[in-house]
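J.: Contents of input.csv (CSV, C-alpha atoms and all ligand atoms):
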chain,number,residue,atom,x,y,z
A,1,MET,CA,86.7,27.5,24.3
A,2,LEU,CA,84.6,28.0,21.3
A,3,ASN,CA,87.4,28.6,18.9
A,4,GLY,CA,85.6,30.8,16.5
A,5,ASN,CA,82.1,31.9,15.9
A,6,LEU,CA,78.7,31.7,17.3
A,7,ILE,CA,76.5,31.5,14.2
A,8,ASP,CA,74.2,28.7,15.3
A,9,LEU,CA,74.3,27.3,18.8
A,10,ASN,CA,74.0,23.8,17.3
A,11,ASP,CA,77.5,24.3,15.7
A,12,LEU,CA,78.9,23.8,19.3
A,13,PRO,CA,78.7,20.8,21.5
A,14,ILE,CA,76.0,20.9,24.2
A,15,SER,CA,78.8,20.7,26.8
A,16,GLU,CA,79.8,24.2,25.7
A,17,TRP,CA,76.3,25.6,26.1
A,18,ASN,CA,76.2,24.1,29.6
A,19,ARG,CA,79.6,25.6,30.3
A,20,ILE,CA,78.5,29.1,29.2
A,21,ILE,CA,75.3,28.8,31.3
A,22,ALA,CA,77.2,27.6,34.4
A,23,LEU,CA,79.8,30.4,33.9
A,24,ALA,CA,76.9,33.0,33.7
A,25,GLN,CA,75.6,31.7,37.0
A,26,GLU,CA,79.0,32.2,38.6
A,27,ILE,CA,79.2,35.7,37.2
A,28,ILE,CA,75.8,36.5,38.7
A,29,LYS,CA,77.1,35.5,42.1
A,30,ARG,CA,80.6,37.2,42.0
A,31,PRO,CA,80.6,39.7,39.1
A,32,GLU,CA,83.7,41.5,40.5
A,33,LEU,CA,85.8,38.5,39.8
A,34,TYR,CA,85.2,39.0,36.0
A,35,SER,CA,85.6,42.8,35.7
A,36,GLU,CA,89.0,42.6,33.8
A,37,LYS,CA,88.4,39.4,31.8
A,38,CYS,CA,88.2,41.3,28.5
A,39,TYR,CA,90.6,44.1,29.5
A,40,GLY,CA,92.3,45.4,26.3
A,41,LYS,CA,89.8,43.8,24.0
A,42,ILE,CA,87.4,45.6,21.5
A,43,LEU,CA,84.0,44.4,20.6
A,44,ALA,CA,82.3,45.7,17.4
A,45,THR,CA,78.6,45.7,17.4
A,46,LEU,CA,77.3,46.1,13.8
A,47,PHE,CA,73.5,46.4,13.8
A,48,TYR,CA,71.9,46.6,10.3
A,49,GLU,CA,68.5,46.2,12.0
A,50,PRO,CA,67.0,47.9,15.1
A,51,SER,CA,67.8,46.6,18.6
A,52,THR,CA,67.6,47.6,22.2
A,53,ARG,CA,68.3,44.6,24.4
A,54,THR,CA,70.7,42.6,22.2
A,55,GLN,CA,72.9,45.5,21.3
A,56,MET,CA,73.0,47.2,24.7
A,57,SER,CA,73.4,43.9,26.6
A,58,PHE,CA,76.4,43.0,24.5
A,59,GLN,CA,77.8,46.4,25.0
A,60,THR,CA,77.1,46.3,28.7
A,61,ALA,CA,78.6,42.8,28.9
A,62,MET,CA,81.8,44.0,27.3
A,63,LEU,CA,82.1,47.1,29.5
A,64,LYS,CA,81.5,45.0,32.6
A,65,LEU,CA,84.3,42.7,31.5
A,66,GLY,CA,86.7,45.7,31.2
A,67,GLY,CA,86.7,45.8,27.4
A,68,ARG,CA,85.7,48.5,25.0
A,69,ILE,CA,83.2,48.8,22.2
A,70,ILE,CA,82.9,50.3,18.7
A,71,GLY,CA,80.2,49.9,16.0
A,72,PHE,CA,77.1,51.3,14.4
A,73,ASP,CA,73.4,50.8,15.0
A,74,ASP,CA,72.2,52.5,11.9
A,75,PRO,CA,73.9,51.3,8.7
A,76,GLN,CA,72.8,54.6,7.0
A,77,ASN,CA,75.5,56.2,9.2
A,78,SER,CA,78.2,53.9,7.9
A,79,SER,CA,79.7,53.1,4.4
A,80,VAL,CA,76.9,50.6,3.9
A,81,SER,CA,74.8,53.6,2.8
A,82,LYS,CA,77.4,54.1,0.0
A,83,GLY,CA,77.0,50.6,-1.2
A,84,GLU,CA,79.8,48.8,0.7
A,85,SER,CA,79.4,45.0,0.6
A,86,LEU,CA,79.1,42.9,3.8
A,87,LYS,CA,82.4,41.3,2.8
A,88,ASP,CA,84.3,44.6,2.8
A,89,THR,CA,82.7,45.9,6.0
A,90,ILE,CA,83.6,42.7,7.8
A,91,THR,CA,87.1,42.5,6.4
A,92,ILE,CA,87.8,46.0,7.7
A,93,VAL,CA,86.1,45.9,11.0
A,94,SER,CA,87.7,42.5,11.9
A,95,ASN,CA,91.0,44.3,11.7
A,96,TYR,CA,89.8,46.9,14.3
A,97,ALA,CA,88.0,44.6,16.7
A,98,ASP,CA,88.6,41.3,18.6
A,99,MET,CA,85.0,40.2,18.1
A,100,ILE,CA,82.1,41.2,15.9
A,101,VAL,CA,78.4,41.0,16.9
A,102,LEU,CA,76.3,41.2,13.8
A,103,ARG,CA,72.6,41.7,13.3
A,104,HIS,CA,71.4,41.8,9.7
A,105,PRO,CA,68.0,41.5,8.0
A,106,ASN,CA,69.1,38.7,5.6
A,107,GLU,CA,69.1,35.1,6.6
A,108,GLY,CA,72.6,33.6,6.7
A,109,ALA,CA,74.3,37.0,7.0
A,110,ALA,CA,76.4,35.9,10.0
A,111,ARG,CA,77.6,32.7,8.3
A,112,ALA,CA,78.5,34.9,5.3
A,113,ALA,CA,80.4,37.4,7.5
A,114,SER,CA,82.3,34.6,9.2
A,115,LEU,CA,83.8,33.6,5.8
A,116,TYR,CA,85.6,37.0,5.7
A,117,ALA,CA,86.2,37.9,9.3
A,118,SER,CA,89.6,37.4,10.9
A,119,CYS,CA,88.0,37.5,14.4
A,120,PRO,CA,85.0,35.6,15.9
A,121,VAL,CA,81.6,36.6,14.6
A,122,ILE,CA,78.5,36.4,16.9
A,123,ASN,CA,75.1,36.1,15.2
A,124,ALA,CA,72.8,38.6,16.9
A,125,GLY,CA,69.9,37.8,14.6
A,126,ASP,CA,70.0,37.0,10.9
A,127,GLY,CA,66.6,37.9,9.4
A,128,GLY,CA,63.9,35.4,10.5
A,129,HIS,CA,66.5,32.6,10.8
A,130,LEU,CA,68.4,32.3,14.1
A,131,HIS,CA,69.3,34.2,17.3
A,132,PRO,CA,71.7,32.1,19.3
A,133,SER,CA,72.8,34.6,22.0
A,134,GLN,CA,69.1,35.1,22.8
A,135,THR,CA,68.8,31.3,23.2
A,136,LEU,CA,71.8,31.3,25.7
A,137,THR,CA,69.8,34.0,27.6
A,138,ASP,CA,66.7,31.8,27.4
A,139,LEU,CA,68.5,28.7,28.6
A,140,LEU,CA,70.1,30.7,31.5
A,141,THR,CA,66.6,32.0,32.4
A,142,LEU,CA,65.1,28.5,32.5
A,143,SER,CA,68.1,27.1,34.4
A,144,VAL,CA,67.6,29.8,37.1
A,145,GLU,CA,63.8,30.0,37.1
A,146,LYS,CA,62.9,26.4,36.6
A,147,GLY,CA,66.0,24.8,37.9
A,148,ARG,CA,66.3,22.5,34.9
A,149,LEU,CA,66.5,22.3,31.1
A,150,THR,CA,65.0,18.9,30.8
A,151,ASP,CA,61.5,17.4,31.1
A,152,LEU,CA,59.8,20.7,30.3
A,153,VAL,CA,56.5,21.2,28.4
A,154,VAL,CA,57.2,24.3,26.5
A,155,GLY,CA,54.5,26.4,24.8
A,156,ILE,CA,55.6,28.8,22.2
A,157,CYS,CA,53.1,31.3,21.0
A,158,GLY,CA,52.9,33.9,18.2
A,159,ASP,CA,54.9,34.3,15.1
A,160,LEU,CA,56.6,30.9,14.8
A,161,VAL,CA,57.5,31.2,11.1
A,162,ASN,CA,59.4,34.5,11.3
A,163,GLY,CA,60.6,34.4,15.0
A,164,ARG,CA,64.3,33.7,14.9
A,165,THR,CA,64.4,33.4,18.7
A,166,VAL,CA,61.8,30.6,18.4
A,167,HIS,CA,63.9,28.6,15.9
A,168,SER,CA,67.1,28.8,17.9
A,169,LEU,CA,65.2,27.9,21.1
A,170,ILE,CA,63.5,24.9,19.6
A,171,LYS,CA,66.8,23.7,18.1
A,172,ALA,CA,68.5,24.0,21.5
A,173,LEU,CA,65.8,22.6,23.8
A,174,SER,CA,65.3,19.6,21.4
A,175,CYS,CA,68.8,18.5,22.5
A,176,TYR,CA,67.9,18.1,26.2
A,177,ARG,CA,66.1,15.0,27.4
A,178,GLY,CA,62.4,14.9,27.9
A,179,ASN,CA,61.3,18.2,26.5
A,180,SER,CA,58.2,18.6,24.4
A,181,PHE,CA,56.6,21.6,22.6
A,182,VAL,CA,53.1,22.9,22.2
A,183,LEU,CA,53.4,25.3,19.2
A,184,ILE,CA,50.6,27.8,19.4
A,185,SER,CA,50.0,29.9,16.2
A,186,THR,CA,47.6,30.6,13.4
A,187,PRO,CA,48.0,28.2,10.4
A,188,ASN,CA,49.9,30.9,8.5
A,189,LEU,CA,52.6,31.4,11.2
A,190,ARG,CA,53.6,27.8,12.0
A,191,VAL,CA,57.3,26.9,12.4
A,192,PRO,CA,59.2,26.2,9.1
A,193,SER,CA,59.3,22.5,8.1
A,194,TYR,CA,63.1,22.2,8.7
A,195,ILE,CA,62.4,23.0,12.4
A,196,LYS,CA,59.8,20.3,12.6
A,197,ASP,CA,62.3,17.9,11.0
A,198,ILE,CA,64.8,18.8,13.8
A,199,MET,CA,62.3,18.1,16.5
A,200,SER,CA,61.3,14.8,14.9
A,201,ALA,CA,64.9,13.7,14.4
A,202,ALA,CA,65.6,14.5,18.1
A,203,GLY,CA,62.6,12.4,19.1
A,204,CYS,CA,61.0,15.5,20.7
A,205,PRO,CA,57.2,15.4,20.7
A,206,PHE,CA,55.4,18.5,19.5
A,207,THR,CA,51.8,19.5,18.7
A,208,GLU,CA,50.6,22.5,16.6
A,209,VAL,CA,47.5,24.1,18.0
A,210,ASP,CA,45.5,27.3,17.5
A,211,SER,CA,44.2,28.0,21.0
A,212,LEU,CA,46.4,29.6,23.7
A,213,SER,CA,43.7,29.2,26.4
A,214,GLU,CA,43.4,25.4,25.7
A,215,ALA,CA,47.2,25.0,25.8
A,216,ILE,CA,48.0,27.0,28.9
A,217,PRO,CA,47.1,24.5,31.7
A,218,MET,CA,49.6,21.9,30.5
A,219,LEU,CA,52.6,24.1,30.2
A,220,ASP,CA,55.8,24.5,32.4
A,221,VAL,CA,57.0,27.4,30.2
A,222,LEU,CA,55.1,29.8,28.0
A,223,TYR,CA,57.4,31.6,25.5
A,224,MET,CA,55.4,34.5,24.0
A,225,THR,CA,56.5,36.3,20.8
A,226,ARG,CA,55.7,39.4,18.9
A,227,ILE,CA,54.2,39.2,15.4
A,228,GLN,CA,57.2,40.2,13.3
A,229,ARG,CA,55.7,43.0,11.3
A,230,GLU,CA,58.9,43.8,9.4
A,231,ARG,CA,59.0,40.3,7.9
A,232,PHE,CA,55.5,40.5,6.3
A,233,THR,CA,55.2,41.3,2.6
A,234,SER,CA,51.9,43.2,3.1
A,235,GLU,CA,50.5,45.3,5.9
A,236,GLU,CA,47.0,43.6,5.5
A,237,GLU,CA,48.6,40.2,6.1
A,238,TYR,CA,50.2,41.6,9.3
A,239,LEU,CA,47.0,43.3,10.5
A,240,ARG,CA,45.2,39.9,10.1
A,241,GLU,CA,47.7,38.3,12.5
A,242,LYS,CA,48.6,41.0,14.9
A,243,ASP,CA,45.9,40.7,17.6
A,244,VAL,CA,45.1,37.0,17.5
A,245,TYR,CA,47.0,36.2,20.8
A,246,ARG,CA,46.9,38.2,24.0
A,247,LEU,CA,48.0,36.8,27.3
A,248,ASP,CA,46.1,38.4,30.2
A,249,ARG,CA,45.2,37.7,33.9
A,250,GLU,CA,42.1,35.8,33.0
A,251,LYS,CA,43.9,33.3,30.7
A,252,LEU,CA,46.5,32.8,33.4
A,253,MET,CA,43.9,31.6,35.9
A,254,SER,CA,44.1,28.1,34.5
A,255,ALA,CA,47.9,28.0,34.4
A,256,ARG,CA,50.2,26.2,36.8
A,257,SER,CA,51.5,28.0,39.7
A,258,ASP,CA,55.1,27.2,38.7
A,259,LEU,CA,54.6,28.3,35.0
A,260,ARG,CA,57.2,30.7,33.8
A,261,ILE,CA,56.4,33.2,31.1
A,262,LEU,CA,59.3,34.2,28.8
A,263,HIS,CA,59.4,36.7,26.0
A,264,PRO,CA,62.5,37.8,24.1
A,265,LEU,CA,60.9,41.3,24.0
A,266,PRO,CA,60.0,43.8,22.6
A,267,ARG,CA,56.4,43.2,23.6
A,268,VAL,CA,53.7,44.9,21.5
A,269,ASP,CA,50.2,43.8,22.6
A,270,GLU,CA,50.6,40.0,23.1
A,271,ILE,CA,51.0,40.3,26.9
A,272,ALA,CA,48.7,42.6,28.8
A,273,ILE,CA,50.6,45.0,31.2
A,274,GLU,CA,48.5,43.6,34.1
A,275,VAL,CA,50.5,40.3,33.7
A,276,ASP,CA,53.8,42.1,34.6
A,277,ASP,CA,53.2,41.9,38.3
A,278,ASP,CA,52.5,38.1,38.3
A,279,PRO,CA,55.4,36.3,39.8
A,280,ARG,CA,55.2,33.9,36.9
A,281,ALA,CA,56.1,36.7,34.5
A,282,ALA,CA,59.9,36.2,34.0
A,283,TYR,CA,60.5,38.3,30.9
A,284,PHE,CA,62.0,41.3,32.5
A,285,ARG,CA,64.3,39.1,34.6
A,286,GLN,CA,65.1,37.2,31.4
A,287,ALA,CA,66.3,40.5,29.8
A,288,SER,CA,68.7,41.1,32.8
A,289,TYR,CA,70.0,37.5,32.6
A,290,GLY,CA,70.9,38.4,29.0
A,291,VAL,CA,73.9,40.5,30.2
A,292,TYR,CA,75.3,37.6,32.2
A,293,ALA,CA,74.8,35.1,29.4
A,294,ARG,CA,76.6,37.4,27.0
A,295,MET,CA,79.4,38.1,29.5
A,296,ALA,CA,80.0,34.3,29.8
A,297,LEU,CA,79.9,34.0,26.0
A,298,LEU,CA,82.5,36.8,25.5
A,299,ILE,CA,84.8,35.2,28.1
A,300,ARG,CA,84.5,31.8,26.4
A,301,LEU,CA,85.2,33.4,22.9
A,302,THR,CA,88.4,35.1,24.2
A,303,THR,CA,89.7,32.3,26.3
A,304,PRO,CA,92.6,30.5,24.5
A,305,PRO,CA,91.8,26.9,23.7
A,306,GLU,CA,92.6,24.3,26.4
A,307,TYR,CA,93.1,21.7,23.7
A,308,PRO,CA,94.0,21.7,20.0
A,309,VAL,CA,91.0,22.5,17.8
A,310,ALA,CA,91.1,21.5,14.2
A,311,GLU,CA,89.9,24.0,11.7
A,312,PRO,CA,87.0,22.6,9.6
A,313,ALA,CA,88.2,21.9,6.1
A,314,PRO,CA,87.0,24.6,3.6
A,315,LYS,CA,83.9,23.5,1.6
A,316,GLN,CA,83.9,23.3,-2.1
A,317,PRO,CA,81.4,25.8,-3.5
A,318,LEU,CA,78.6,24.3,-5.7
A,319,PRO,CA,77.3,25.9,-8.9
A,320,HIS,CA,73.8,26.3,-7.4
A,321,HIS,CA,72.0,29.3,-6.0
A,322,CYS,CA,69.8,29.3,-3.0
A,323,GLU,CA,66.2,30.2,-4.0
A,324,ASN,CA,65.2,31.7,-0.7
A,325,PRO,CA,64.6,35.4,-1.5
A,326,ARG,CA,65.7,36.4,2.0
A,327,CYS,CA,69.0,34.5,1.9
A,328,ILE,CA,72.1,36.7,2.1
A,329,THR,CA,73.3,35.1,-1.1
A,330,GLN,CA,70.5,36.9,-3.0
A,331,LYS,CA,71.8,40.3,-1.8
A,332,GLU,CA,75.5,39.7,-1.8
A,333,GLY,CA,76.0,38.0,-5.2
A,334,TYR,CA,79.8,37.2,-4.7
A,335,LEU,CA,79.1,34.7,-2.0
A,336,PRO,CA,80.0,31.1,-2.9
A,337,GLY,CA,77.2,28.6,-3.1
A,338,LEU,CA,77.6,26.5,0.0
A,339,PHE,CA,75.3,23.5,0.6
A,340,THR,CA,75.0,20.3,2.6
A,341,SER,CA,73.6,17.4,0.7
A,342,GLY,CA,70.4,15.9,2.1
A,343,GLY,CA,69.2,13.0,-0.1
A,344,ASP,CA,67.5,14.5,-3.2
A,345,MET,CA,68.0,18.0,-1.9
A,346,LEU,CA,70.6,20.5,-1.0
A,347,VAL,CA,70.4,22.5,2.2
A,348,CYS,CA,71.8,26.0,2.0
A,349,ASP,CA,74.6,26.4,4.6
A,350,TYR,CA,73.7,30.1,5.1
A,351,CYS,CA,69.9,30.1,5.6
A,352,ASP,CA,68.9,26.3,6.0
A,353,SER,CA,66.4,26.5,3.1
A,354,ARG,CA,66.2,23.5,0.8
A,355,LEU,CA,66.9,23.3,-2.9
A,356,LEU,CA,65.6,20.3,-4.9
A,357,ILE,CA,68.1,18.9,-7.3
B,401,LIG,C1,64.0,39.6,19.3
B,401,LIG,C2,64.7,39.7,18.0
B,401,LIG,O1,65.3,40.7,17.6
B,401,LIG,O2,64.6,38.7,17.2
B,401,LIG,N1,64.4,40.5,20.2
B,401,LIG,C3,65.6,40.4,20.9
B,401,LIG,O3,66.6,40.2,20.3
B,401,LIG,N2,65.5,40.4,22.2
B,401,LIG,C4,62.5,39.4,19.2
B,401,LIG,C5,61.7,40.4,18.4
B,401,LIG,O4,62.2,41.3,17.8
B,401,LIG,O5,60.5,40.2,18.4
Spit out the file's structure as structure tokens when you get a sec.

T.:
Amino acid sequence: MLNGNLIDLNDLPISEWNRIIALAQEIIKRPELYSEKCYGKILATLFYEPSTRTQMSFQTAMLKLGGRIIGFDDPQNSSVSKGESLKDTITIVSNYADMIVLRHPNEGAARAASLYASCPVINAGDGGHLHPSQTLTDLLTLSVEKGRLTDLVVGICGDLVNGRTVHSLIKALSCYRGNSFVLISTPNLRVPSYIKDIMSAAGCPFTEVDSLSEAIPMLDVLYMTRIQRERFTSEEEYLREKDVYRLDREKLMSARSDLRILHPLPRVDEIAIEVDDDPRAAYFRQASYGVYARMALLIRLTTPPEYPVAEPAPKQPLPHHCENPRCITQKEGYLPGLFTSGGDMLVCDYCDSRLLI
């Protein structure tokens, strides 16, 4: 069992990811066996940012497991609009619920929430940082559609700097043998340098390219993403990026017959509607796998541990402040400065950005 939170998939051993994926596949085969697994439990979904799939798939997952749901999808309808801190909201809601699913615009918000929650916290997207339950969905999709999570050439196209699903997926797939990445974006939207460091440390080859058409023939998987309008500081900057990539039937002519096209959705214009009928288009199936991945996750989070799990020792706060303007510590000033030392720099435990010391 996970004993705690799902903030970043890489906090958990890979054996646990595989276990969740295997359980999800069992649930797909015999859903009726799991219909009471969360009977009597309450899931709170706290969405400070818009969502369709993530919120509703978590809610559906809990209902299919026999549990119940509470929460908000517009913080303006909660005491957040009166100025309540994340700490206070989480302290209160974790007394009402057995698990909290949190989506928040600030990077590191889920980690911050976990400091104050008395129940497990699941990160359903923290700004442009991470989105681990989407990655469980993506891994389940690849397991079913490709039959493996290893030896894949994975193209990822679009907004690689702001796409939290991209960061979580790269971090996860780097941990499986033989995978390599073709990162397709404009120069302004390349993956953050800490993600490149993770691929390099894992010995995972990657290239950064501009052209989708040139990359397509070599790919086993193409992960398309939306340009994340809400993360841009100016509309002009967004407009410059928004129509650069568009996957259509013509581009797919040079793709392999066993390519699988994934997209976390929502789609804007980056995949033409004509692609939807292509058997290689897996994105709608991917969205339905999301319910099963989340059912498996909720079961694992509520299963008592099979073995004693040591609580990690609390960290000593440092008298430093993260300089990332999108970090949750910039918004919620009471949060302790938590860093991991990395040579001549400190890495913020909330948002992964670096601070030179
Ligand atoms: C993604 C997200 O919210 O990060 N959607 C999702 O959760 N399925 C991708 C996006 O919004 O572009």

J.: CA of Tyr39 (chain A) and CA of Ala287 (chain A) are how many Å apart?

T.: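 That distance, rounded to one decimal, is 24.6 Å.
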
J.: Give me, as a tab-separated table, the closest atom pair and its distance (Å, one decimal) for every residue of chain A within a cut-off of 7 Å of ligand LIG 401 (chain B), counting all atoms listed in the file, rows sorted by chain and rising number.

T.:
residue	atom	partner	partner_atom	distance
A:Ser51	CA	B:LIG401	O1	6.5
A:Arg53	CA	B:LIG401	N2	5.5
A:Thr54	CA	B:LIG401	O3	5.1
A:Gly125	CA	B:LIG401	O2	6.0
A:His131	CA	B:LIG401	O2	6.5
A:Gln134	CA	B:LIG401	O3	6.2
A:Gly163	CA	B:LIG401	O2	6.3
A:Arg164	CA	B:LIG401	O2	5.5
A:Thr165	CA	B:LIG401	O2	5.5
A:Thr225	CA	B:LIG401	O5	6.1
A:Arg226	CA	B:LIG401	O5	4.9
A:Gln228	CA	B:LIG401	O5	6.1
A:Pro264	CA	B:LIG401	N2	4.4
A:Leu265	CA	B:LIG401	N2	5.0
A:Pro266	CA	B:LIG401	O5	5.6

J.: Which of these, A:Ala296, A:Leu356, A:Val221, A:Ala201, has the shortest distance to Ser35 (chain A) once you count all atoms listed in the file?

T.: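 Closest residue, counting all atoms listed in the file: A:Ala296.
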
J.: Please report the interatomic distance between CA of Leu259 (chain A) and CA of Ser185 (chain A) in Å with one decimal.

T.: 19.4 Å

J.: What is the CA of Asp344 (chain A) to CA of Ala112 (chain A) distance in Å?

T.: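 So the answer is 24.7 Å.
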
J.: Counting only C-alpha atoms, figure out which residue out of A:Leu130, A:Ile357, A:Phe181, A:Tyr292 gets nearest to Arg30 (chain A).

T.: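 Using only C-alpha atoms, Arg30 (chain A) sits closest to A:Tyr292.
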
J.: Just give me the residues with any atom within 7 Å of (56.3, 19.0, 21.7), file coordinates, counting all atoms listed in the file, written as an mmCIF file with C-alpha atoms, in the coordinates of the input.

T.:
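Produced file out.cif, reproduced below:
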data_model
loop_
_atom_site.group_PDB
_atom_site.id
_atom_site.type_symbol
_atom_site.label_atom_id
_atom_site.label_comp_id
_atom_site.auth_asym_id
_atom_site.auth_seq_id
_atom_site.Cartn_x
_atom_site.Cartn_y
_atom_site.Cartn_z
ATOM 1 C CA ASN A 179 61.300 18.200 26.500
ATOM 2 C CA SER A 180 58.200 18.600 24.400
ATOM 3 C CA PHE A 181 56.600 21.600 22.600
ATOM 4 C CA VAL A 182 53.100 22.900 22.200
ATOM 5 C CA CYS A 204 61.000 15.500 20.700
ATOM 6 C CA PRO A 205 57.200 15.400 20.700
ATOM 7 C CA PHE A 206 55.400 18.500 19.500
ATOM 8 C CA THR A 207 51.800 19.500 18.700
#

J.: If we count all atoms listed in the file and set the cut-off at 8 Å, which residues sit around Ala172 (chain A), ignoring sequence neighbours fewer than 3 positions away in its own chain? Please answer as a ChimeraX atom specification.

T.: /A:9-10,135,168-169,175-176

J.: Here is a test: counting all atoms listed in the file, which residue of A:Met345, A:Ala117, A:Pro75, A:Ile273 is nearest to Thr91 (chain A)?

T.: A:Ala117

J.: Do you know which residues are at most 9 Å from Ser94 (chain A) counting all atoms listed in the file, after dropping those on the same chain fewer than 3 positions away, and could you put them as a ChimeraX atom specification?

T.: /A:44,89-91,97-100,116-121

J.: May I have the residues from that selection written out with C-alpha atoms, as a tab-separated table (two decimals), in the frame of the given file?

T.:
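Once everything was written out, this is out22.tsv:
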chain	number	residue	atom	x	y	z
A	44	ALA	CA	82.30	45.70	17.40
A	89	THR	CA	82.70	45.90	6.00
A	90	ILE	CA	83.60	42.70	7.80
A	91	THR	CA	87.10	42.50	6.40
A	97	ALA	CA	88.00	44.60	16.70
A	98	ASP	CA	88.60	41.30	18.60
A	99	MET	CA	85.00	40.20	18.10
A	100	ILE	CA	82.10	41.20	15.90
A	116	TYR	CA	85.60	37.00	5.70
A	117	ALA	CA	86.20	37.90	9.30
A	118	SER	CA	89.60	37.40	10.90
A	119	CYS	CA	88.00	37.50	14.40
A	120	PRO	CA	85.00	35.60	15.90
A	121	VAL	CA	81.60	36.60	14.60
